[in-house]
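Next comes target_10.txt, a file with compact mmCIF, C-alpha atoms.
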```txt
# COMPACT_ATOMS: atom_id res chain seq x y z
CA MET A 1 0.00 0.00 0.00
CA TYR A 2 1.30 3.44 -0.90
CA ALA A 3 1.60 5.99 1.87
CA THR A 4 -1.60 7.86 2.51
CA GLN A 5 -3.16 10.06 5.15
CA TYR A 6 -6.12 8.81 7.16
CA VAL A 7 -8.69 11.35 8.28
CA ARG A 8 -11.92 10.87 10.18
CA PRO A 9 -14.26 13.85 9.74
CA ALA A 10 -16.99 14.35 12.35
CA THR A 11 -19.75 15.39 9.98
CA LEU A 12 -20.90 14.78 6.43
CA ASP A 13 -20.17 18.43 5.56
CA ASP A 14 -16.60 18.05 6.82
CA ALA A 15 -16.18 14.87 4.77
CA VAL A 16 -17.42 16.54 1.59
CA ALA A 17 -15.19 19.58 2.26
CA LEU A 18 -12.14 17.32 2.64
CA LEU A 19 -12.93 15.48 -0.58
CA LYS A 20 -13.37 18.76 -2.46
CA THR A 21 -10.17 20.25 -1.06
CA HIS A 22 -8.09 17.19 -1.92
CA PRO A 23 -8.98 15.94 -5.40
CA GLU A 24 -6.90 12.78 -4.91
CA ALA A 25 -8.65 11.87 -1.65
CA ARG A 26 -10.99 8.88 -1.55
CA PRO A 27 -13.92 8.23 0.77
CA LEU A 28 -13.49 5.06 2.86
CA SER A 29 -16.49 3.26 4.29
CA GLY A 30 -16.27 -0.46 5.10
CA GLY A 31 -13.25 -0.69 2.81
CA MET A 32 -14.11 -4.18 1.57
CA THR A 33 -13.14 -3.23 -1.99
CA LEU A 34 -10.99 -0.16 -1.40
CA ILE A 35 -8.52 -1.72 1.08
CA PRO A 36 -7.74 -4.71 -1.20
CA THR A 37 -7.36 -2.24 -4.08
CA LEU A 38 -4.88 -0.20 -2.06
CA LYS A 39 -2.99 -3.32 -1.00
CA GLN A 40 -2.52 -4.22 -4.65
CA ARG A 41 -1.30 -0.67 -5.31
CA LEU A 42 -4.02 -0.16 -7.87
CA ALA A 43 -4.88 3.18 -6.29
CA ALA A 44 -2.85 5.81 -4.49
CA PRO A 45 -5.19 8.27 -2.79
CA SER A 46 -3.61 11.23 -0.98
CA HIS A 47 -6.13 10.90 1.84
CA LEU A 48 -8.57 8.29 3.06
CA VAL A 49 -11.65 10.06 4.35
CA ASP A 50 -13.32 7.64 6.77
CA ILE A 51 -17.10 8.06 6.58
CA TRP A 52 -17.93 4.80 8.43
CA ARG A 53 -19.22 6.41 11.61
CA LEU A 54 -21.02 9.45 10.18
CA ASP A 55 -24.44 9.80 11.83
CA GLU A 56 -25.90 11.24 8.62
CA LEU A 57 -25.37 7.91 6.83
CA GLN A 58 -27.02 5.65 9.43
CA GLY A 59 -30.53 4.38 9.91
CA ILE A 60 -33.16 2.14 8.35
CA SER A 61 -36.77 3.32 8.33
CA ALA A 62 -39.96 2.72 6.39
CA SER A 63 -43.13 4.61 5.62
CA GLU A 64 -46.21 3.22 3.87
CA ALA A 65 -44.63 3.32 0.43
CA VAL A 66 -40.88 3.72 0.88
CA LEU A 67 -38.03 1.91 2.61
CA LYS A 68 -35.11 4.20 3.36
CA ILE A 69 -31.67 2.78 4.11
CA GLY A 70 -28.70 4.92 5.10
CA ALA A 71 -25.63 4.58 2.90
CA GLY A 72 -23.62 3.46 5.94
CA ALA A 73 -25.87 0.47 6.62
CA ARG A 74 -23.76 -2.67 6.70
CA HIS A 75 -24.94 -5.68 4.71
CA ALA A 76 -25.42 -7.64 7.96
CA GLU A 77 -27.58 -4.83 9.32
CA VAL A 78 -29.81 -4.89 6.23
CA ALA A 79 -29.96 -8.71 6.26
CA HIS A 80 -31.15 -8.76 9.89
CA SER A 81 -33.32 -5.64 9.95
CA PRO A 82 -36.95 -6.41 10.87
CA VAL A 83 -37.99 -3.24 9.02
CA VAL A 84 -36.42 -4.50 5.78
CA ALA A 85 -37.85 -8.00 6.31
CA GLN A 86 -41.36 -6.59 6.69
CA THR A 87 -41.22 -4.25 3.70
CA VAL A 88 -38.84 -5.64 1.04
CA PRO A 89 -37.88 -9.17 2.18
CA ALA A 90 -36.09 -9.75 -1.13
CA LEU A 91 -33.59 -7.13 -0.01
CA SER A 92 -32.95 -8.95 3.30
CA HIS A 93 -32.35 -12.10 1.30
CA LEU A 94 -30.01 -10.30 -1.11
CA ALA A 95 -27.96 -8.67 1.67
CA GLY A 96 -27.59 -12.02 3.46
CA GLN A 97 -26.08 -13.56 0.31
CA ILE A 98 -23.30 -11.00 -0.20
CA ALA A 99 -19.79 -12.42 0.25
CA ASP A 100 -19.36 -13.93 3.76
CA PRO A 101 -20.30 -12.97 7.35
CA GLN A 102 -17.10 -11.00 8.05
CA VAL A 103 -17.45 -8.98 4.85
CA ARG A 104 -21.14 -8.37 5.58
CA ASN A 105 -20.11 -6.92 8.95
CA ARG A 106 -18.04 -4.23 7.21
CA GLY A 107 -19.34 -3.65 3.69
CA THR A 108 -22.01 -0.99 3.25
CA LEU A 109 -24.86 -0.25 0.86
CA GLY A 110 -23.34 3.09 -0.12
CA GLY A 111 -19.93 1.56 -0.70
CA SER A 112 -21.35 -1.14 -2.94
CA LEU A 113 -23.30 1.36 -5.02
CA ALA A 114 -20.46 3.87 -5.30
CA ASN A 115 -18.11 1.12 -6.47
CA ASN A 116 -20.68 -0.37 -8.88
CA ASP A 117 -18.86 -3.64 -9.44
CA PRO A 118 -20.49 -5.32 -12.46
CA ALA A 119 -21.05 -8.46 -10.35
CA ALA A 120 -22.29 -6.74 -7.18
CA ASP A 121 -25.72 -7.62 -5.81
CA TYR A 122 -27.18 -4.32 -4.61
CA PRO A 123 -27.21 -2.59 -8.03
CA ALA A 124 -29.75 -5.17 -9.26
CA ALA A 125 -32.12 -4.34 -6.39
CA VAL A 126 -31.69 -0.59 -6.78
CA LEU A 127 -32.38 -0.74 -10.53
CA ALA A 128 -35.27 -3.22 -10.44
CA LEU A 129 -37.04 -1.49 -7.57
CA GLY A 130 -36.58 1.91 -9.22
CA ALA A 131 -34.90 3.28 -6.11
CA THR A 132 -33.68 6.82 -5.63
CA VAL A 133 -30.06 7.46 -4.63
CA HIS A 134 -29.83 10.50 -2.37
CA THR A 135 -26.41 12.12 -2.28
CA SER A 136 -24.79 15.04 -0.51
CA GLU A 137 -25.83 17.16 -3.52
CA ARG A 138 -28.96 15.77 -5.17
CA SER A 139 -31.28 12.85 -5.75
CA ILE A 140 -30.57 10.47 -8.63
CA ALA A 141 -33.07 8.01 -10.11
CA ALA A 142 -31.72 4.46 -10.40
CA ASP A 143 -32.16 4.54 -14.19
CA ASP A 144 -29.73 7.48 -14.35
CA TYR A 145 -27.34 6.32 -11.64
CA PHE A 146 -25.58 3.29 -13.16
CA VAL A 147 -23.39 4.44 -16.05
CA GLY A 148 -21.11 1.48 -16.80
CA MET A 149 -18.45 -0.79 -15.41
CA PHE A 150 -17.39 0.67 -12.04
CA GLU A 151 -18.91 3.91 -13.27
CA THR A 152 -21.80 5.88 -11.77
CA ALA A 153 -23.39 9.31 -12.05
CA LEU A 154 -21.57 10.39 -8.87
CA ARG A 155 -19.32 13.43 -9.28
CA PRO A 156 -16.00 13.88 -7.49
CA GLY A 157 -16.62 14.72 -3.85
CA GLU A 158 -20.25 13.62 -3.97
CA LEU A 159 -21.26 11.09 -1.31
CA ILE A 160 -24.26 8.78 -1.19
CA VAL A 161 -26.29 9.56 1.93
CA ALA A 162 -29.24 7.16 1.66
CA VAL A 163 -31.25 5.10 -0.77
CA GLU A 164 -35.04 5.11 -0.95
CA PHE A 165 -36.62 1.91 -2.24
CA PRO A 166 -40.29 2.02 -3.26
CA ILE A 167 -42.02 -0.87 -1.49
CA ALA A 168 -42.92 -3.26 -4.30
CA HIS A 169 -45.97 -5.48 -4.29
CA SER A 170 -43.62 -8.37 -4.74
CA ALA A 171 -39.94 -8.79 -5.43
CA GLY A 172 -37.33 -11.50 -5.58
CA TYR A 173 -33.61 -12.01 -6.11
CA LEU A 174 -31.78 -15.04 -7.38
CA LYS A 175 -28.11 -15.34 -8.19
CA TYR A 176 -25.59 -17.96 -9.15
CA ARG A 177 -22.64 -17.37 -6.87
CA HIS A 178 -19.10 -17.74 -8.03
CA PRO A 179 -18.03 -20.60 -5.75
CA ALA A 180 -14.86 -18.82 -4.56
CA SER A 181 -15.68 -15.13 -4.47
CA GLY A 182 -19.42 -15.25 -3.82
CA TYR A 183 -19.92 -12.59 -6.49
CA ALA A 184 -22.79 -13.12 -8.92
CA MET A 185 -21.79 -14.97 -12.10
CA ALA A 186 -25.28 -13.79 -12.97
CA GLY A 187 -28.06 -12.50 -10.78
CA VAL A 188 -31.60 -11.34 -11.42
CA PHE A 189 -33.84 -9.07 -9.39
CA ILE A 190 -37.51 -8.83 -10.33
CA ALA A 191 -39.86 -6.25 -8.84
CA CYS A 192 -43.61 -6.00 -9.46
CA SER A 193 -45.48 -2.83 -8.53
CA GLY A 194 -49.06 -2.47 -9.67
CA SER A 195 -49.01 -3.67 -13.24
CA ASP A 196 -45.37 -2.74 -13.75
CA VAL A 197 -42.59 -5.32 -13.82
CA ARG A 198 -38.89 -4.49 -13.79
CA VAL A 199 -36.14 -7.05 -14.35
CA ALA A 200 -32.52 -6.14 -13.56
CA ILE A 201 -29.58 -8.39 -14.41
CA THR A 202 -26.23 -8.17 -12.62
CA GLY A 203 -23.03 -10.15 -13.06
CA ALA A 204 -23.62 -10.97 -16.72
CA GLY A 205 -22.90 -7.67 -18.49
CA PRO A 206 -20.33 -4.91 -18.04
CA GLY A 207 -22.72 -3.38 -15.51
CA VAL A 208 -26.22 -3.92 -14.18
CA PHE A 209 -28.92 -3.52 -16.84
CA ARG A 210 -32.66 -3.88 -17.30
CA TRP A 211 -33.87 -6.72 -19.48
CA LYS A 212 -36.65 -4.74 -21.10
CA GLU A 213 -37.86 -7.50 -23.46
CA ALA A 214 -38.49 -9.76 -20.47
CA GLU A 215 -40.22 -6.92 -18.64
CA ALA A 216 -42.61 -6.33 -21.58
CA ARG A 217 -43.56 -10.00 -21.77
CA LEU A 218 -43.98 -10.38 -18.00
CA ARG A 219 -46.14 -7.26 -17.85
CA ASP A 220 -48.64 -8.94 -20.19
CA ASP A 221 -48.37 -12.36 -18.62
CA PHE A 222 -46.36 -13.00 -15.46
CA SER A 223 -45.47 -16.61 -16.11
CA VAL A 224 -42.52 -18.75 -17.11
CA GLY A 225 -44.31 -19.53 -20.38
CA ALA A 226 -44.26 -15.85 -21.33
CA LEU A 227 -40.46 -16.01 -21.50
CA ARG A 228 -40.43 -18.88 -23.99
CA ASN A 229 -37.91 -18.39 -26.83
CA LEU A 230 -36.72 -15.10 -25.35
CA HIS A 231 -32.94 -14.82 -25.34
CA LEU A 232 -30.43 -12.28 -24.13
CA ASP A 233 -28.00 -11.12 -26.78
CA CYS A 234 -24.68 -12.53 -25.62
CA ALA A 235 -22.75 -9.94 -27.65
CA GLY A 236 -22.90 -7.51 -24.76
CA MET A 237 -22.08 -10.02 -21.99
CA GLN A 238 -18.88 -10.42 -20.02
CA GLY A 239 -16.43 -13.20 -20.71
CA ASP A 240 -13.62 -14.33 -18.42
CA PRO A 241 -11.88 -17.60 -17.55
CA HIS A 242 -14.83 -18.55 -15.32
CA ALA A 243 -17.62 -18.14 -17.86
CA SER A 244 -18.03 -17.17 -21.49
CA PRO A 245 -20.51 -14.48 -22.63
CA ARG A 246 -22.77 -17.21 -24.00
CA TYR A 247 -22.72 -19.07 -20.67
CA ARG A 248 -23.51 -15.91 -18.71
CA ALA A 249 -26.40 -14.98 -21.01
CA ASN A 250 -27.83 -18.47 -20.62
CA LEU A 251 -27.38 -18.34 -16.85
CA ALA A 252 -29.26 -15.04 -16.65
CA GLU A 253 -32.10 -16.49 -18.76
CA VAL A 254 -32.35 -19.61 -16.58
CA LEU A 255 -32.27 -17.61 -13.34
CA THR A 256 -34.97 -15.27 -14.63
CA ARG A 257 -37.26 -18.19 -15.47
CA ARG A 258 -36.60 -19.83 -12.10
CA LEU A 259 -37.32 -16.61 -10.24
CA VAL A 260 -40.54 -16.02 -12.16
CA ALA A 261 -41.57 -19.57 -11.28
CA GLN A 262 -40.84 -18.90 -7.60
CA MET A 263 -42.79 -15.64 -7.70
CA THR A 264 -45.82 -17.09 -9.48
CA PRO A 265 -48.74 -17.55 -7.07
CA GLY A 266 -49.38 -21.17 -6.25
CA ALA A 267 -45.86 -22.14 -7.25
CA GLU A 268 -44.68 -25.16 -5.34
CA GLY A 269 -42.69 -24.28 -2.27
CA GLY A 270 -43.04 -20.57 -2.90
CA ALA A 271 -40.08 -18.32 -2.40
CA PRO A 272 -38.71 -16.93 0.83
CA THR A 273 -37.56 -13.94 -1.20
CA THR A 274 -40.94 -12.65 -2.19
CA ARG A 275 -43.95 -11.02 -0.66
CA GLY A 276 -47.20 -11.80 -2.41
CA GLY A 277 -47.33 -13.11 -5.95
CA GLY A 278 -46.67 -11.54 -9.35
CA PRO A 279 -48.10 -8.18 -10.41
CA ALA A 280 -51.29 -7.05 -8.68
CA MET B 1 -0.97 8.98 13.55
CA ASN B 2 -1.92 8.17 17.14
CA ILE B 3 -4.42 5.42 17.70
CA GLU B 4 -6.09 4.04 20.78
CA LEU B 5 -7.62 0.59 20.91
CA HIS B 6 -9.12 -1.56 23.62
CA ILE B 7 -7.68 -4.98 22.94
CA ASN B 8 -8.83 -7.94 25.02
CA GLY B 9 -9.80 -5.52 27.78
CA ARG B 10 -6.55 -3.52 27.79
CA THR B 11 -6.14 -0.03 26.41
CA VAL B 12 -3.33 0.27 23.89
CA ARG B 13 -2.07 3.62 22.58
CA ARG B 14 0.51 3.75 19.81
CA GLU B 15 1.77 5.98 17.08
CA VAL B 16 1.49 4.09 13.80
CA ASP B 17 1.72 4.56 10.05
CA ASP B 18 -1.73 5.50 8.67
CA ARG B 19 -1.63 2.54 6.29
CA ILE B 20 -0.88 -0.23 8.77
CA LEU B 21 -3.45 -3.02 8.78
CA LEU B 22 -5.18 -4.11 11.97
CA ALA B 23 -3.76 -7.64 11.53
CA GLU B 24 -0.21 -6.28 11.30
CA PHE B 25 -0.80 -4.01 14.27
CA LEU B 26 -2.03 -6.87 16.43
CA ARG B 27 0.82 -9.17 15.45
CA HIS B 28 3.80 -6.84 15.19
CA HIS B 29 2.98 -4.03 17.61
CA CYS B 30 1.02 -5.92 20.24
CA GLY B 31 2.66 -9.34 19.97
CA LEU B 32 -0.74 -10.98 19.60
CA THR B 33 0.36 -13.59 17.08
CA GLY B 34 -2.73 -15.74 17.52
CA THR B 35 -4.29 -13.69 14.75
CA HIS B 36 -2.92 -15.30 11.59
CA VAL B 37 -2.48 -13.85 8.13
CA GLY B 38 -3.13 -16.50 5.52
CA CYS B 39 -4.13 -15.16 2.14
CA ASP B 40 -3.91 -11.44 2.95
CA THR B 41 -6.76 -10.89 0.46
CA SER B 42 -9.80 -11.28 2.76
CA GLN B 43 -10.60 -14.73 1.42
CA CYS B 44 -9.35 -17.20 4.03
CA GLY B 45 -10.54 -15.70 7.32
CA ALA B 46 -7.49 -16.75 9.37
CA CYS B 47 -7.16 -13.11 10.51
CA THR B 48 -10.72 -12.91 11.86
CA VAL B 49 -11.06 -10.86 15.05
CA LYS B 50 -13.99 -9.21 16.77
CA LEU B 51 -14.15 -5.45 16.27
CA ASP B 52 -16.84 -3.60 18.20
CA GLY B 53 -18.80 -6.81 18.59
CA ALA B 54 -18.64 -8.00 14.97
CA ALA B 55 -16.32 -10.54 13.35
CA VAL B 56 -14.13 -8.86 10.73
CA LYS B 57 -11.12 -9.80 8.63
CA SER B 58 -8.33 -7.79 10.20
CA CYS B 59 -6.17 -7.99 7.04
CA THR B 60 -8.73 -5.74 5.37
CA VAL B 61 -9.23 -3.14 8.10
CA LEU B 62 -6.77 -0.36 8.86
CA ALA B 63 -5.67 -0.05 12.47
CA ALA B 64 -6.65 3.61 12.07
CA GLN B 65 -10.21 2.64 11.14
CA ALA B 66 -10.48 0.57 14.31
CA SER B 67 -9.10 3.35 16.53
CA GLY B 68 -11.44 4.17 19.40
CA GLY B 69 -13.00 0.73 19.17
CA SER B 70 -12.59 -2.51 21.03
CA VAL B 71 -10.99 -5.63 19.62
CA THR B 72 -11.14 -9.21 20.83
CA THR B 73 -8.56 -11.59 19.42
CA VAL B 74 -8.32 -15.33 19.98
CA GLU B 75 -6.09 -14.57 22.99
CA GLY B 76 -9.06 -12.81 24.58
CA LEU B 77 -11.53 -15.67 24.27
CA ALA B 78 -10.59 -17.64 27.38
CA GLN B 79 -11.43 -16.36 30.85
CA GLY B 80 -8.26 -16.96 32.84
CA ASN B 81 -7.64 -20.69 32.69
CA THR B 82 -11.14 -21.49 31.53
CA LEU B 83 -11.42 -21.97 27.82
CA HIS B 84 -14.28 -20.36 25.95
CA PRO B 85 -16.94 -23.00 25.06
CA VAL B 86 -15.95 -22.62 21.41
CA GLN B 87 -12.29 -23.36 22.23
CA GLU B 88 -13.31 -26.27 24.45
CA ALA B 89 -15.45 -27.70 21.64
CA PHE B 90 -12.57 -27.44 19.13
CA VAL B 91 -10.38 -29.34 21.61
CA GLN B 92 -12.98 -32.02 22.33
CA CYS B 93 -13.87 -32.57 18.66
CA HIS B 94 -10.31 -32.07 17.47
CA GLY B 95 -11.63 -29.39 15.13
CA LEU B 96 -8.27 -28.81 13.48
CA GLN B 97 -5.47 -30.46 11.59
CA CYS B 98 -2.50 -28.13 11.11
CA GLY B 99 -4.18 -25.46 13.25
CA PHE B 100 -3.36 -22.46 11.09
CA CYS B 101 -6.97 -21.52 10.37
CA THR B 102 -8.14 -22.36 13.90
CA PRO B 103 -7.98 -18.89 15.54
CA GLY B 104 -10.01 -17.38 12.69
CA MET B 105 -12.40 -20.33 12.67
CA MET B 106 -13.02 -19.95 16.40
CA MET B 107 -13.61 -16.20 16.10
CA ALA B 108 -16.09 -16.82 13.27
CA VAL B 109 -17.87 -19.52 15.29
CA GLU B 110 -17.94 -17.25 18.34
CA HIS B 111 -19.64 -14.62 16.13
CA PHE B 112 -22.13 -17.17 14.78
CA LEU B 113 -23.02 -18.33 18.30
CA ARG B 114 -23.23 -14.85 19.87
CA SER B 115 -26.97 -15.43 19.91
CA CYS B 116 -28.77 -18.73 19.84
CA PRO B 117 -28.80 -19.95 16.22
CA ALA B 118 -32.16 -20.80 14.69
CA SER B 119 -30.68 -23.75 12.85
CA LEU B 120 -27.60 -25.93 13.19
CA ASP B 121 -28.08 -27.96 10.04
CA ASP B 122 -25.18 -28.31 7.62
CA GLU B 123 -26.42 -25.47 5.44
CA ALA B 124 -26.64 -23.01 8.35
CA ILE B 125 -23.12 -23.89 9.54
CA HIS B 126 -21.67 -23.75 6.03
CA HIS B 127 -23.23 -20.30 5.57
CA ALA B 128 -21.77 -19.12 8.90
CA LEU B 129 -18.28 -20.36 8.03
CA GLU B 130 -18.29 -19.24 4.42
CA GLY B 131 -15.61 -16.65 5.16
CA ASN B 132 -13.13 -19.17 6.56
CA ILE B 133 -11.04 -21.67 4.66
CA CYS B 134 -9.31 -24.73 6.13
CA ARG B 135 -6.54 -25.68 3.73
CA CYS B 136 -6.35 -29.15 5.33
CA THR B 137 -10.08 -29.46 4.53
CA GLY B 138 -10.72 -30.70 8.05
CA TYR B 139 -14.26 -29.41 7.97
CA VAL B 140 -16.02 -32.47 9.40
CA ASN B 141 -14.59 -31.98 12.88
CA ILE B 142 -14.93 -28.21 12.68
CA ILE B 143 -18.65 -28.58 12.00
CA ALA B 144 -18.94 -31.06 14.88
CA ALA B 145 -17.20 -28.48 17.08
CA VAL B 146 -19.75 -25.82 16.13
CA ARG B 147 -22.57 -28.11 17.27
CA ARG B 148 -20.77 -29.07 20.46
CA ALA B 149 -20.10 -25.42 21.32
CA ALA B 150 -23.75 -24.57 20.65
CA ALA B 151 -24.79 -27.42 22.94
CA ALA B 152 -22.61 -26.01 25.73
CA MET B 153 -23.72 -22.42 25.24
CA TYR B 154 -27.43 -23.07 24.64
CA PRO B 155 -28.18 -26.31 26.53
CA ARG B 156 -31.94 -25.80 26.49
CA GLU B 157 -32.14 -25.37 22.71
CA TRP B 158 -29.19 -27.42 21.48
CA GLY B 159 -28.11 -29.58 24.44
CA HIS B 160 -29.13 -32.70 22.58
CA PHE B 161 -26.16 -32.14 20.26
CA ALA B 162 -23.64 -32.58 23.10
CA ALA B 163 -23.40 -36.37 22.94
CA LEU B 164 -23.80 -36.45 19.18
CA ALA B 165 -21.15 -33.84 18.42
CA GLY B 166 -18.78 -35.39 20.93
CA GLU B 167 -18.69 -38.45 18.74
CA GLY B 168 -17.93 -35.98 15.94
CA ALA B 169 -14.97 -37.87 14.59
```
Will you turn the file into structure tokens for me?
Amino acid sequence: MYATQYVRPATLDDAVALLKTHPEARPLSGGMTLIPTLKQRLAAPSHLVDIWRLDELQGISASEAVLKIGAGARHAEVAHSPVVAQTVPALSHLAGQIADPQVRNRGTLGGSLANNDPAADYPAAVLALGATVHTSERSIAADDYFVGMFETALRPGELIVAVEFPIAHSAGYLKYRHPASGYAMAGVFIACSGSDVRVAITGAGPGVFRWKEAEARLRDDFSVGALRNLHLDCAGMQGDPHASPRYRANLAEVLTRRLVAQMTPGAEGGAPTTRGGGPA
Amino acid sequence: MNIELHINGRTVRREVDDRILLAEFLRHHCGLTGTHVGCDTSQCGACTVKLDGAAVKSCTVLAAQASGGSVTTVEGLAQGNTLHPVQEAFVQCHGLQCGFCTPGMMMAVEHFLRSCPASLDDEAIHHALEGNICRCTGYVNIIAAVRRAAAAMYPREWGHFAALAGEGA
């Protein structure tokens, strides 16, 4: 790790001021991606601005229609929160599947979204649920937030403060974990609100994306049959030594069908990830 | 920078490099070599310690980040000469082969059993130990040790595992 200066501001305003004063500074939350990156000398920030304890980033609360989670919420906190379990249980399920217990005790929602790893879990939930990302400067709709691989709409010195998730009628998440890293080789999050259906795929492409063809079919008929002969174009998928683009596209298709089956009312066994059935 | 940590009940103040990792600090500055560094990439879990009540991988936390907090390492598990139930269970079930992963395993199990687990089936234990790797692959006895520790810590709920897990290997 290159030499760096650690600072721990007391307030969100102080943190933002530090980041604006020092253009080479980086915010540090749980550090589950940033610390390994620093250890590999892939980054050399002048300062590490520790935002882990900032009061402004804490808290999980829900109103009738919206679940609000502070950017500093650790994955373990989200996984075990009764508020999350009552409102968007698919999100509890998702958070409990990230990495391993030790990582879930440190990694945060805000950190995951700011990093926007193409195989991260949270981006799928944020995009499918049509969440709003509140930052130190503005509010960003999920559809505008994710720009590309490790790329977001965040500007330098802009910090995520909280995320508001609309409470869907039903939602579910299913991923195929890489057996070593736990990252999604492919993952699908489906959210149904009223007659709307949104399908977000993570892990397969260079960043999370909506599978709009599947959404259109499921809006008309929320059933596995509706997805018959529908394929993802593997031209845009990721390939690496673990899985080819074709394999990842197929995996995403299979997971989508399985999740729809789980979320279909009367499906055998049902799904612990969902609340209610398909679209109302 | 100056940091202050409460480690196994003792307050430690030191001046350290901002970039020093918690694992390095514990081993090299405090002489607490029970915390092992295996992979140094937050995969293997040998460096697991408890920071402010939660199990973390100390190779991926800066000592500076932990400053002001309290840390329990494997050296802090036992009370005097009395082993922690998790340690006792690892002894009784011989939940180790070479022993390198054992401190991290025990800290992860201690975290899993901090409240009474709802399930102790294989899946629940695998999920709890997902962040720890035993290179000897001695998992059978480790899993038996988890059940035996749970039996000792929660006799009403899991006491029936005591005899069973004792036979673990």
Notebook entry, point to check: chain A residues within 6 Å of chain B, counting all atoms listed in the file: which ones, as a list in words?
Noted result: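 Listing them in order of chain and number gives Gln5, Tyr6, Ile35, Asp100 and Gln102 of chain A.
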Save out the residues we just selected, C-alpha atoms, as a PDB file, in the frame of the given file.
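Listed below is the output, again_14.pdb:
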```pdb
ATOM      1  CA  GLN A   5      -3.160  10.060   5.150  1.00  0.00           C
ATOM      2  CA  TYR A   6      -6.120   8.810   7.160  1.00  0.00           C
ATOM      3  CA  ILE A  35      -8.520  -1.720   1.080  1.00  0.00           C
ATOM      4  CA  ASP A 100     -19.360 -13.930   3.760  1.00  0.00           C
ATOM      5  CA  GLN A 102     -17.100 -11.000   8.050  1.00  0.00           C
TER       6      GLN A 102
END
```
Check: Contacts of range 206-213 of chain A at 6 Å or less, counting all atoms listed in the file, minus same-chain residues fewer than 5 places along, as a list in words?
Finding: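 In the requested format, the answer is Pro118, Gly148, Met149, Val199, Ala200 and Ile201 of chain A.
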Go ahead and dump the residues you just picked, C-alpha atoms, as a CSV table (one decimal), in the coordinates of the input.
```csv
chain,number,residue,atom,x,y,z
A,118,PRO,CA,-20.5,-5.3,-12.5
A,148,GLY,CA,-21.1,1.5,-16.8
A,149,MET,CA,-18.4,-0.8,-15.4
A,199,VAL,CA,-36.1,-7.0,-14.4
A,200,ALA,CA,-32.5,-6.1,-13.6
A,201,ILE,CA,-29.6,-8.4,-14.4
```
Note to self: Applying 12 Å and all atoms listed in the file, which residues near Gln87 in chain B remain after dropping the ones on its own chain fewer than 4 positions away? List them as number ranges by chain.
What the structure shows: B: 74-79, 81-83, 91-96, 102-110, 142, 145-146, 148-150, 152-153
Note to self: Just to confirm, what's the straight-line distance from CA of His75 in chain A to CA of Pro245 in chain A in Å (one decimal)?
What the structure shows: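 Between these atoms lies a distance of 29.1 Å.
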Notebook entry, point to check: How many Å lie between CA of Gly30 in chain A and CA of Gly107 in chain A, rounded to one decimal?
Noted result: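 Answer for the CA of Gly30 in chain A to CA of Gly107 in chain A separation: 4.6 Å.
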Cut-off 9 Å around (-24.4, 15.2, -5.0) with only C-alpha atoms: residues as a PDB file with C-alpha atoms, in the coordinates of the input:
```pdb
ATOM      1  CA  HIS A 134     -29.830  10.500  -2.370  1.00  0.00           C
ATOM      2  CA  THR A 135     -26.410  12.120  -2.280  1.00  0.00           C
ATOM      3  CA  SER A 136     -24.790  15.040  -0.510  1.00  0.00           C
ATOM      4  CA  GLU A 137     -25.830  17.160  -3.520  1.00  0.00           C
ATOM      5  CA  ARG A 138     -28.960  15.770  -5.170  1.00  0.00           C
ATOM      6  CA  SER A 139     -31.280  12.850  -5.750  1.00  0.00           C
ATOM      7  CA  ILE A 140     -30.570  10.470  -8.630  1.00  0.00           C
ATOM      8  CA  LEU A 154     -21.570  10.390  -8.870  1.00  0.00           C
ATOM      9  CA  ARG A 155     -19.320  13.430  -9.280  1.00  0.00           C
ATOM     10  CA  PRO A 156     -16.000  13.880  -7.490  1.00  0.00           C
ATOM     11  CA  GLY A 157     -16.620  14.720  -3.850  1.00  0.00           C
ATOM     12  CA  GLU A 158     -20.250  13.620  -3.970  1.00  0.00           C
ATOM     13  CA  LEU A 159     -21.260  11.090  -1.310  1.00  0.00           C
ATOM     14  CA  ILE A 160     -24.260   8.780  -1.190  1.00  0.00           C
TER      15      ILE A 160
END
```
Set the distance at 12 Å and use only C-alpha atoms: which residues neighbour Phe100 in chain B once local chain neighbours fewer than 5 positions away are removed? I'd like the list as an mmCIF file with C-alpha atoms, in the frame of the given file.
```
data_model
loop_
_atom_site.group_PDB
_atom_site.id
_atom_site.type_symbol
_atom_site.label_atom_id
_atom_site.label_comp_id
_atom_site.auth_asym_id
_atom_site.auth_seq_id
_atom_site.Cartn_x
_atom_site.Cartn_y
_atom_site.Cartn_z
ATOM 1 C CA THR B 33 0.360 -13.590 17.080
ATOM 2 C CA GLY B 34 -2.730 -15.740 17.520
ATOM 3 C CA THR B 35 -4.290 -13.690 14.750
ATOM 4 C CA HIS B 36 -2.920 -15.300 11.590
ATOM 5 C CA VAL B 37 -2.480 -13.850 8.130
ATOM 6 C CA GLY B 38 -3.130 -16.500 5.520
ATOM 7 C CA CYS B 39 -4.130 -15.160 2.140
ATOM 8 C CA CYS B 44 -9.350 -17.200 4.030
ATOM 9 C CA GLY B 45 -10.540 -15.700 7.320
ATOM 10 C CA ALA B 46 -7.490 -16.750 9.370
ATOM 11 C CA CYS B 47 -7.160 -13.110 10.510
ATOM 12 C CA GLY B 95 -11.630 -29.390 15.130
ATOM 13 C CA MET B 105 -12.400 -20.330 12.670
ATOM 14 C CA MET B 106 -13.020 -19.950 16.400
ATOM 15 C CA ASN B 132 -13.130 -19.170 6.560
ATOM 16 C CA ILE B 133 -11.040 -21.670 4.660
ATOM 17 C CA CYS B 134 -9.310 -24.730 6.130
ATOM 18 C CA ARG B 135 -6.540 -25.680 3.730
ATOM 19 C CA CYS B 136 -6.350 -29.150 5.330
ATOM 20 C CA THR B 137 -10.080 -29.460 4.530
ATOM 21 C CA GLY B 138 -10.720 -30.700 8.050
#
```
